[in-house]
Amino acid sequence: MRLQTTCSLSMILFLSSHVFADETQPDFTDPQITAIAHVEKISNELKQVNQSIWEWAEVGLEERKSSRLLQSKLTAAGFKVETGLAGMPTAFVASFGSGKPVIGILAEYDALPGLSQKISPQREAAEEGKPGHACGHSGLGTGALGAALAVRQAMEQHGLPGTIRLYGTPAEETVIGKVYMTLDGVFDDLDICLHWHPGTKNEAWSGSSKALVSAKFTFHGTAAHASVSPASGRSALDGVELMNVAANFMREHIKEDARLHYVIVDGGGAPNVVAPQATVWYFCRADSHEDTEYNFRWLNDIAEAAAKMSRTRLTVKIDTDCHEVIPNSPLSALITTIMQKIGAPKFTDTEMAFARRLQEPLVAQFGRQFPLAIDDRIHRVAAIPRASKGSTDVGDISWRVPTGGLRTACLPAESPGHSWQNVASIGSSIGEKGIIYSSKILAVTAIELMQRRELIAAARSDWQTRMKDKKYFSFIPDGQQPPKKIR
């Protein structure tokens, strides 16, 4: 199923020259009008980029074709591209312009394993067992690309001073890419960092997120015949299971915001062999990195105790250590204002019907009711923003530089994260509308910051206040290179 949308470049140019001149209409500067028009001009190209990355659906650290496609578009537009950042072949930064201010925009493009899906309202894999963009990162990278190209057009056409950068950041789903790039200092000279994510509503990012440590605990035992000579063996799988049992008891005594999740990635080879090696992969999360540190040290104590109980040896490999997002009120307010000025896209009856059909299995399975098919409203920043229950490596950047972000409606209302419904939606015209909207918002925001330096100063002041008494700490050993593969 393919839902089509069209938007005329002549219409946006008409609005630029006529409607925007009306004092009752949104007040855009000439560079911002140019940027909006450029997004419209290249909208079909952006849709094709989204489709390509959506079809390739490459998992983190292996997004070779997706990364190359984004780089090729940026190189063709005159950006200087540097690849292989922080030891990751699919990480890059593309720069245009020179001098201050330096505004960064983040792009992601990794998919999730096992979630291949057609643009269909039923669960129907495009290729059985393959990855799919269940977090919408095909659209995320595309929207960021559109914004960078639009800002570049406005800078060149109107002589705007400053530097625009697009950062290609791999492996967000396992919060790896930006963490290692942050440790490598690639964001340190930014004045402002901007990001976005496909979502179920239109809103500026105003809350925080969960800090997360990802680690693999490997127990090393002694192989033996499980029936003939079990006394001669020491089971590494016993170590894993003892650790998991104790970790599940630990859950009762940690704060309610904390999370422990695990998967056994190696449990041995056969039942009749005492497992000489076994590995369990843990995510340890909490609303603050300080709490995550405490819980992860406790988890390490449990692992060491499990090794002693099973008479095995333990090794621990830290994959990544991600911090919570530091929100920024001035940037949230600015982004909300710009979202309202541009205006959210509207969806056709066909698109609404498609969203309803995507919701149907959730209604049947969980008894949930969905008041809306698609939430096309623009939501204001909450008086008391709530922390996200998820994690993002955007957090580590926000500990170094003022960072602001947004979500746009690309998915059915209240659609669960990492679902096949999201794969179908981000590949459809529903997702495309949210992608194009995000490009306009990010581009206009970046230009607003370039033209009004006092906004940058306000964002930095807010950031400095929030960062008072915070000290960045990472469990990642000094000099450690990022993993070559997720698993």
# chains A, B, ... in the order shown; residues from 1 in each chain; ligands from 1
$ select_by_dssp --residues "region 142-332 of chain A" --states "strand (DSSP E)" --output "PDB file with C-alpha atoms, in the first residue's frame"
ATOM      1  CA  GLY A 162      28.122  30.908  10.512  1.00  0.00           C
ATOM      2  CA  THR A 163      28.491  27.157  10.105  1.00  0.00           C
ATOM      3  CA  ILE A 164      25.830  24.493   9.689  1.00  0.00           C
ATOM      4  CA  ARG A 165      26.784  20.890  10.400  1.00  0.00           C
ATOM      5  CA  LEU A 166      24.964  17.623   9.913  1.00  0.00           C
ATOM      6  CA  TYR A 167      26.238  14.832  12.152  1.00  0.00           C
ATOM      7  CA  GLY A 168      25.673  11.272  10.981  1.00  0.00           C
ATOM      8  CA  ILE A 192      23.693  24.777  19.690  1.00  0.00           C
ATOM      9  CA  CYS A 193      22.765  21.195  18.812  1.00  0.00           C
ATOM     10  CA  LEU A 194      19.342  20.425  17.288  1.00  0.00           C
ATOM     11  CA  HIS A 195      17.663  17.048  16.922  1.00  0.00           C
ATOM     12  CA  TRP A 196      14.290  15.521  16.090  1.00  0.00           C
ATOM     13  CA  HIS A 197      12.539  12.153  16.174  1.00  0.00           C
ATOM     14  CA  PRO A 198       9.517  10.709  14.383  1.00  0.00           C
ATOM     15  CA  GLY A 199       6.688  10.487  16.883  1.00  0.00           C
ATOM     16  CA  ASN A 202       3.930  17.365  17.209  1.00  0.00           C
ATOM     17  CA  GLU A 203       5.831  18.818  20.140  1.00  0.00           C
ATOM     18  CA  ALA A 204       9.139  20.311  21.225  1.00  0.00           C
ATOM     19  CA  ALA A 211      20.533   7.253  31.549  1.00  0.00           C
ATOM     20  CA  LEU A 212      21.633   3.788  30.461  1.00  0.00           C
ATOM     21  CA  VAL A 213      24.621   1.479  30.812  1.00  0.00           C
ATOM     22  CA  SER A 214      24.835  -1.419  28.354  1.00  0.00           C
ATOM     23  CA  ALA A 215      27.172  -4.253  29.355  1.00  0.00           C
ATOM     24  CA  LYS A 216      27.791  -7.917  28.554  1.00  0.00           C
ATOM     25  CA  PHE A 217      28.619 -10.225  31.478  1.00  0.00           C
ATOM     26  CA  THR A 218      30.489 -13.338  30.362  1.00  0.00           C
ATOM     27  CA  PHE A 219      31.023 -16.285  32.694  1.00  0.00           C
ATOM     28  CA  HIS A 220      33.863 -18.688  31.952  1.00  0.00           C
ATOM     29  CA  ARG A 259      14.916  -0.393  34.770  1.00  0.00           C
ATOM     30  CA  LEU A 260      16.856  -3.647  34.336  1.00  0.00           C
ATOM     31  CA  HIS A 261      16.454  -5.665  31.136  1.00  0.00           C
ATOM     32  CA  TYR A 262      18.552  -8.564  29.914  1.00  0.00           C
ATOM     33  CA  VAL A 263      18.845 -11.184  27.200  1.00  0.00           C
ATOM     34  CA  ILE A 264      21.031 -14.290  27.226  1.00  0.00           C
ATOM     35  CA  VAL A 265      23.063 -14.036  24.033  1.00  0.00           C
ATOM     36  CA  ASP A 266      25.110 -17.195  24.641  1.00  0.00           C
ATOM     37  CA  GLN A 277      31.030 -20.005  28.445  1.00  0.00           C
ATOM     38  CA  ALA A 278      27.803 -18.029  28.675  1.00  0.00           C
ATOM     39  CA  THR A 279      26.966 -14.348  28.235  1.00  0.00           C
ATOM     40  CA  VAL A 280      24.091 -12.192  29.389  1.00  0.00           C
ATOM     41  CA  TRP A 281      23.562  -8.679  28.021  1.00  0.00           C
ATOM     42  CA  TYR A 282      22.097  -6.094  30.391  1.00  0.00           C
ATOM     43  CA  PHE A 283      20.654  -2.607  30.059  1.00  0.00           C
ATOM     44  CA  CYS A 284      20.684  -0.765  33.390  1.00  0.00           C
ATOM     45  CA  ARG A 285      18.673   2.495  33.412  1.00  0.00           C
ATOM     46  CA  ALA A 286      17.438   5.253  35.702  1.00  0.00           C
ATOM     47  CA  ARG A 313      35.346 -16.627  36.212  1.00  0.00           C
ATOM     48  CA  LEU A 314      33.660 -13.353  35.189  1.00  0.00           C
ATOM     49  CA  THR A 315      34.559 -10.757  32.568  1.00  0.00           C
ATOM     50  CA  VAL A 316      32.520  -7.605  31.937  1.00  0.00           C
ATOM     51  CA  LYS A 317      32.495  -5.631  28.683  1.00  0.00           C
ATOM     52  CA  ILE A 318      30.947  -2.140  28.754  1.00  0.00           C
ATOM     53  CA  ASP A 319      29.425  -1.437  25.340  1.00  0.00           C
ATOM     54  CA  THR A 320      28.205   2.055  26.143  1.00  0.00           C
ATOM     55  CA  ASP A 321      27.275   4.441  28.940  1.00  0.00           C
ATOM     56  CA  CYS A 322      24.595   6.969  28.031  1.00  0.00           C
TER      57      CYS A 322
END
$ residues_around --residues "Arg68 (chain A)" --least-positions-apart "6" --cutoff "12 Å" --atoms "only C-alpha atoms" --output "JSON, numbers by chain"
{"A": [49, 52, 53, 62, 74, 75, 81, 82, 83, 84, 89, 90, 91, 92, 93, 94, 109, 141, 168]}
$ select_by_dssp --residues "region 277-380 of chain A" --states "helix (DSSP H, G or I)" --output "PyMOL selection string"
chain A and resi 289-310+329-342+349-366
$ write_last_selection --atoms "N, CA and C atoms" --output "short mmCIF file (atom, residue, chain, number, x, y, z; two decimals), in the first residue's frame"
data_model
loop_
_atom_site.label_atom_id
_atom_site.label_comp_id
_atom_site.auth_asym_id
_atom_site.auth_seq_id
_atom_site.Cartn_x
_atom_site.Cartn_y
_atom_site.Cartn_z
N HIS A 289 21.95 9.80 35.82
CA HIS A 289 23.15 8.98 35.67
C HIS A 289 23.70 8.59 37.04
N GLU A 290 23.52 9.45 38.01
CA GLU A 290 23.98 9.14 39.36
C GLU A 290 23.32 7.86 39.89
N ASP A 291 22.00 7.74 39.69
CA ASP A 291 21.31 6.52 40.12
C ASP A 291 21.72 5.32 39.29
N THR A 292 21.95 5.53 38.00
CA THR A 292 22.39 4.45 37.13
C THR A 292 23.75 3.93 37.58
N GLU A 293 24.64 4.83 37.95
CA GLU A 293 25.95 4.41 38.47
C GLU A 293 25.78 3.51 39.69
N TYR A 294 24.94 3.93 40.64
CA TYR A 294 24.72 3.16 41.86
C TYR A 294 24.18 1.77 41.52
N ASN A 295 23.15 1.70 40.66
CA ASN A 295 22.53 0.42 40.33
C ASN A 295 23.47 -0.48 39.55
N PHE A 296 24.27 0.11 38.67
CA PHE A 296 25.17 -0.73 37.87
C PHE A 296 26.29 -1.31 38.74
N ARG A 297 26.76 -0.55 39.70
CA ARG A 297 27.76 -1.10 40.62
C ARG A 297 27.17 -2.25 41.44
N TRP A 298 25.91 -2.10 41.85
CA TRP A 298 25.21 -3.17 42.55
C TRP A 298 25.10 -4.41 41.65
N LEU A 299 24.75 -4.18 40.38
CA LEU A 299 24.63 -5.29 39.43
C LEU A 299 25.97 -6.00 39.26
N ASN A 300 27.05 -5.25 39.24
CA ASN A 300 28.38 -5.86 39.16
C ASN A 300 28.67 -6.73 40.38
N ASP A 301 28.27 -6.25 41.56
CA ASP A 301 28.46 -7.05 42.76
C ASP A 301 27.71 -8.37 42.66
N ILE A 302 26.49 -8.32 42.12
CA ILE A 302 25.69 -9.53 41.93
C ILE A 302 26.39 -10.49 40.97
N ALA A 303 26.93 -9.95 39.87
CA ALA A 303 27.61 -10.79 38.90
C ALA A 303 28.83 -11.47 39.52
N GLU A 304 29.59 -10.72 40.30
CA GLU A 304 30.77 -11.31 40.95
C GLU A 304 30.36 -12.39 41.94
N ALA A 305 29.27 -12.16 42.66
CA ALA A 305 28.78 -13.17 43.60
C ALA A 305 28.32 -14.43 42.85
N ALA A 306 27.66 -14.24 41.70
CA ALA A 306 27.21 -15.38 40.91
C ALA A 306 28.39 -16.19 40.40
N ALA A 307 29.47 -15.51 40.04
CA ALA A 307 30.67 -16.21 39.60
C ALA A 307 31.26 -17.05 40.74
N LYS A 308 31.25 -16.51 41.94
CA LYS A 308 31.77 -17.25 43.09
C LYS A 308 30.89 -18.46 43.39
N MET A 309 29.57 -18.26 43.33
CA MET A 309 28.65 -19.37 43.61
C MET A 309 28.78 -20.49 42.59
N SER A 310 29.02 -20.15 41.34
CA SER A 310 29.11 -21.15 40.28
C SER A 310 30.54 -21.61 40.03
N SER A 329 14.97 25.06 28.24
CA SER A 329 13.68 25.77 28.13
C SER A 329 13.64 26.80 27.01
N PRO A 330 14.67 27.66 26.84
CA PRO A 330 14.60 28.62 25.74
C PRO A 330 14.50 27.95 24.37
N LEU A 331 15.22 26.85 24.18
CA LEU A 331 15.15 26.17 22.89
C LEU A 331 13.79 25.49 22.70
N SER A 332 13.23 24.92 23.76
CA SER A 332 11.90 24.31 23.67
C SER A 332 10.85 25.35 23.29
N ALA A 333 10.94 26.53 23.92
CA ALA A 333 9.98 27.59 23.62
C ALA A 333 10.14 28.08 22.19
N LEU A 334 11.37 28.25 21.74
CA LEU A 334 11.63 28.70 20.37
C LEU A 334 11.09 27.71 19.36
N ILE A 335 11.38 26.42 19.57
CA ILE A 335 10.94 25.40 18.63
C ILE A 335 9.41 25.33 18.59
N THR A 336 8.76 25.44 19.74
CA THR A 336 7.30 25.42 19.77
C THR A 336 6.71 26.57 18.97
N THR A 337 7.28 27.76 19.14
CA THR A 337 6.81 28.93 18.39
C THR A 337 6.96 28.72 16.89
N ILE A 338 8.08 28.16 16.49
CA ILE A 338 8.33 27.93 15.06
C ILE A 338 7.40 26.85 14.51
N MET A 339 7.15 25.81 15.28
CA MET A 339 6.21 24.78 14.86
C MET A 339 4.84 25.40 14.58
N GLN A 340 4.42 26.30 15.47
CA GLN A 340 3.12 26.94 15.31
C GLN A 340 3.10 27.88 14.11
N LYS A 341 4.19 28.60 13.89
CA LYS A 341 4.25 29.53 12.76
C LYS A 341 4.19 28.79 11.42
N ILE A 342 4.87 27.67 11.35
CA ILE A 342 4.87 26.91 10.10
C ILE A 342 3.52 26.21 9.91
N ASP A 349 -8.29 11.60 4.36
CA ASP A 349 -9.16 10.53 4.86
C ASP A 349 -8.52 9.17 4.65
N THR A 350 -7.82 9.00 3.54
CA THR A 350 -7.15 7.73 3.25
C THR A 350 -6.05 7.46 4.27
N GLU A 351 -5.29 8.49 4.60
CA GLU A 351 -4.23 8.33 5.60
C GLU A 351 -4.80 8.04 6.98
N MET A 352 -5.88 8.72 7.33
CA MET A 352 -6.54 8.47 8.62
C MET A 352 -7.05 7.03 8.68
N ALA A 353 -7.61 6.55 7.60
CA ALA A 353 -8.13 5.18 7.57
C ALA A 353 -6.99 4.17 7.70
N PHE A 354 -5.87 4.46 7.07
CA PHE A 354 -4.70 3.58 7.17
C PHE A 354 -4.20 3.53 8.61
N ALA A 355 -4.14 4.67 9.26
CA ALA A 355 -3.72 4.72 10.67
C ALA A 355 -4.68 3.92 11.55
N ARG A 356 -5.98 4.04 11.31
CA ARG A 356 -6.96 3.28 12.07
C ARG A 356 -6.75 1.77 11.91
N ARG A 357 -6.44 1.35 10.73
CA ARG A 357 -6.22 -0.08 10.49
C ARG A 357 -4.94 -0.55 11.17
N LEU A 358 -3.94 0.32 11.26
CA LEU A 358 -2.73 -0.04 12.00
C LEU A 358 -3.03 -0.19 13.50
N GLN A 359 -4.00 0.58 13.99
CA GLN A 359 -4.36 0.52 15.41
C GLN A 359 -5.20 -0.71 15.75
N GLU A 360 -5.89 -1.28 14.77
CA GLU A 360 -6.85 -2.36 15.03
C GLU A 360 -6.25 -3.54 15.79
N PRO A 361 -5.08 -4.06 15.42
CA PRO A 361 -4.53 -5.19 16.17
C PRO A 361 -4.25 -4.86 17.63
N LEU A 362 -3.90 -3.62 17.92
CA LEU A 362 -3.64 -3.21 19.30
C LEU A 362 -4.94 -3.15 20.10
N VAL A 363 -6.02 -2.72 19.44
CA VAL A 363 -7.33 -2.72 20.09
C VAL A 363 -7.74 -4.15 20.42
N ALA A 364 -7.55 -5.06 19.46
CA ALA A 364 -7.96 -6.45 19.64
C ALA A 364 -7.12 -7.15 20.72
N GLN A 365 -5.83 -6.89 20.73
CA GLN A 365 -4.94 -7.61 21.64
C GLN A 365 -4.97 -7.06 23.06
N PHE A 366 -5.02 -5.72 23.19
CA PHE A 366 -4.89 -5.11 24.51
C PHE A 366 -6.18 -4.44 24.99
#
$ atom_distance --atom1 "CA of Leu372 (chain A)" --atom2 "CA of Cys135 (chain A)"
20.3 Å
$ atom_distance --atom1 "CA of Ile103 (chain A)" --atom2 "CA of Gln481 (chain A)"
26.8 Å
$ residues_around --residues "Lys433 (chain A)" --least-positions-apart "2" --cutoff "10 Å" --atoms "only C-alpha atoms" --output "list in words"
Thr5, Thr6, Ser43, Lys47, Ala344, Pro345, Lys346, Phe347, Thr408, Ala409, Cys410, Ile426, Ser428, Ser429, Ile430, Gly431, Ile435, Ile436, Tyr437 and Ser438 of chain A
$ closest_residue --among "A:Thr169, A:Ser439, A:Thr312, A:Gln71" --to "Phe187 (chain A)" --atoms "only C-alpha atoms"
A:Thr169
$ atom_distance --atom1 "CA of Leu455 (chain A)" --atom2 "CA of Gly404 (chain A)"
12.1 Å
$ closest_residue --among "A:Gly268, A:Gly343, A:Gly395, A:Gly146" --to "Glu324 (chain A)" --atoms "only C-alpha atoms"
A:Gly395
$ residues_around --residues "region 441-453 of chain A" --least-positions-apart "6" --cutoff "6 Å" --atoms "only C-alpha atoms" --output "ChimeraX atom specification"
/A:32,147,151
$ write_last_selection --atoms "C-alpha atoms" --output "compact mmCIF listing (two decimals), in the first residue's frame"
# COMPACT_ATOMS: atom_id res chain seq x y z
CA GLN A 32 13.64 31.40 6.47
CA ALA A 147 17.01 20.79 7.11
CA VAL A 151 19.88 26.06 5.74
$ closest_residue --among "A:Val274, A:Arg487, A:Leu149, A:Lys201" --to "Pro412 (chain A)" --atoms "only C-alpha atoms"
A:Lys201
$ residues_around --residues "region 382-390 of chain A" --least-positions-apart "5" --cutoff "6 Å" --atoms "only C-alpha atoms" --output "PyMOL selection string"
chain A and resi 206-210
$ write_last_selection --atoms "C-alpha atoms" --output "CSV table (one decimal), in the first residue's frame"
chain,number,residue,atom,x,y,z
A,206,SER,CA,11.1,19.6,26.9
A,207,GLY,CA,11.8,16.7,29.3
A,208,SER,CA,14.7,14.5,30.1
A,209,SER,CA,15.3,10.8,29.4
A,210,LYS,CA,16.8,7.8,31.2
$ residues_around --residues "Ser398 (chain A)" --least-positions-apart "3" --cutoff "8 Å" --atoms "only C-alpha atoms" --output "PyMOL selection string"
chain A and resi 193+325-327+394-395+401-403
$ residues_around --residues "Ala424 (chain A)" --least-positions-apart "4" --cutoff "8 Å" --atoms "only C-alpha atoms" --output "ChimeraX atom specification"
/A:117-121,420,428
$ write_last_selection --atoms "N, CA and C atoms" --output "PDB file, in the first residue's frame"
ATOM      1  N   GLN A 117       8.835  -5.078   7.723  1.00  0.00           N
ATOM      2  CA  GLN A 117       7.396  -4.913   7.546  1.00  0.00           C
ATOM      3  C   GLN A 117       7.119  -4.185   6.242  1.00  0.00           C
ATOM      4  N   LYS A 118       6.102  -4.609   5.533  1.00  0.00           N
ATOM      5  CA  LYS A 118       5.636  -3.902   4.353  1.00  0.00           C
ATOM      6  C   LYS A 118       4.804  -2.696   4.769  1.00  0.00           C
ATOM      7  N   ILE A 119       4.529  -1.811   3.828  1.00  0.00           N
ATOM      8  CA  ILE A 119       3.592  -0.704   4.082  1.00  0.00           C
ATOM      9  C   ILE A 119       2.195  -1.292   3.968  1.00  0.00           C
ATOM     10  N   SER A 120       1.805  -1.971   5.034  1.00  0.00           N
ATOM     11  CA  SER A 120       0.567  -2.732   5.066  1.00  0.00           C
ATOM     12  C   SER A 120      -0.048  -2.620   6.449  1.00  0.00           C
ATOM     13  N   PRO A 121      -1.378  -2.622   6.563  1.00  0.00           N
ATOM     14  CA  PRO A 121      -2.021  -2.536   7.877  1.00  0.00           C
ATOM     15  C   PRO A 121      -2.056  -3.864   8.630  1.00  0.00           C
ATOM     16  N   TRP A 420       5.828  -2.973  14.606  1.00  0.00           N
ATOM     17  CA  TRP A 420       5.743  -3.101  13.149  1.00  0.00           C
ATOM     18  C   TRP A 420       4.840  -2.029  12.563  1.00  0.00           C
ATOM     19  N   SER A 428       5.207   5.264   4.757  1.00  0.00           N
ATOM     20  CA  SER A 428       4.023   5.731   4.020  1.00  0.00           C
ATOM     21  C   SER A 428       4.011   7.252   3.922  1.00  0.00           C
TER      22      SER A 428
END
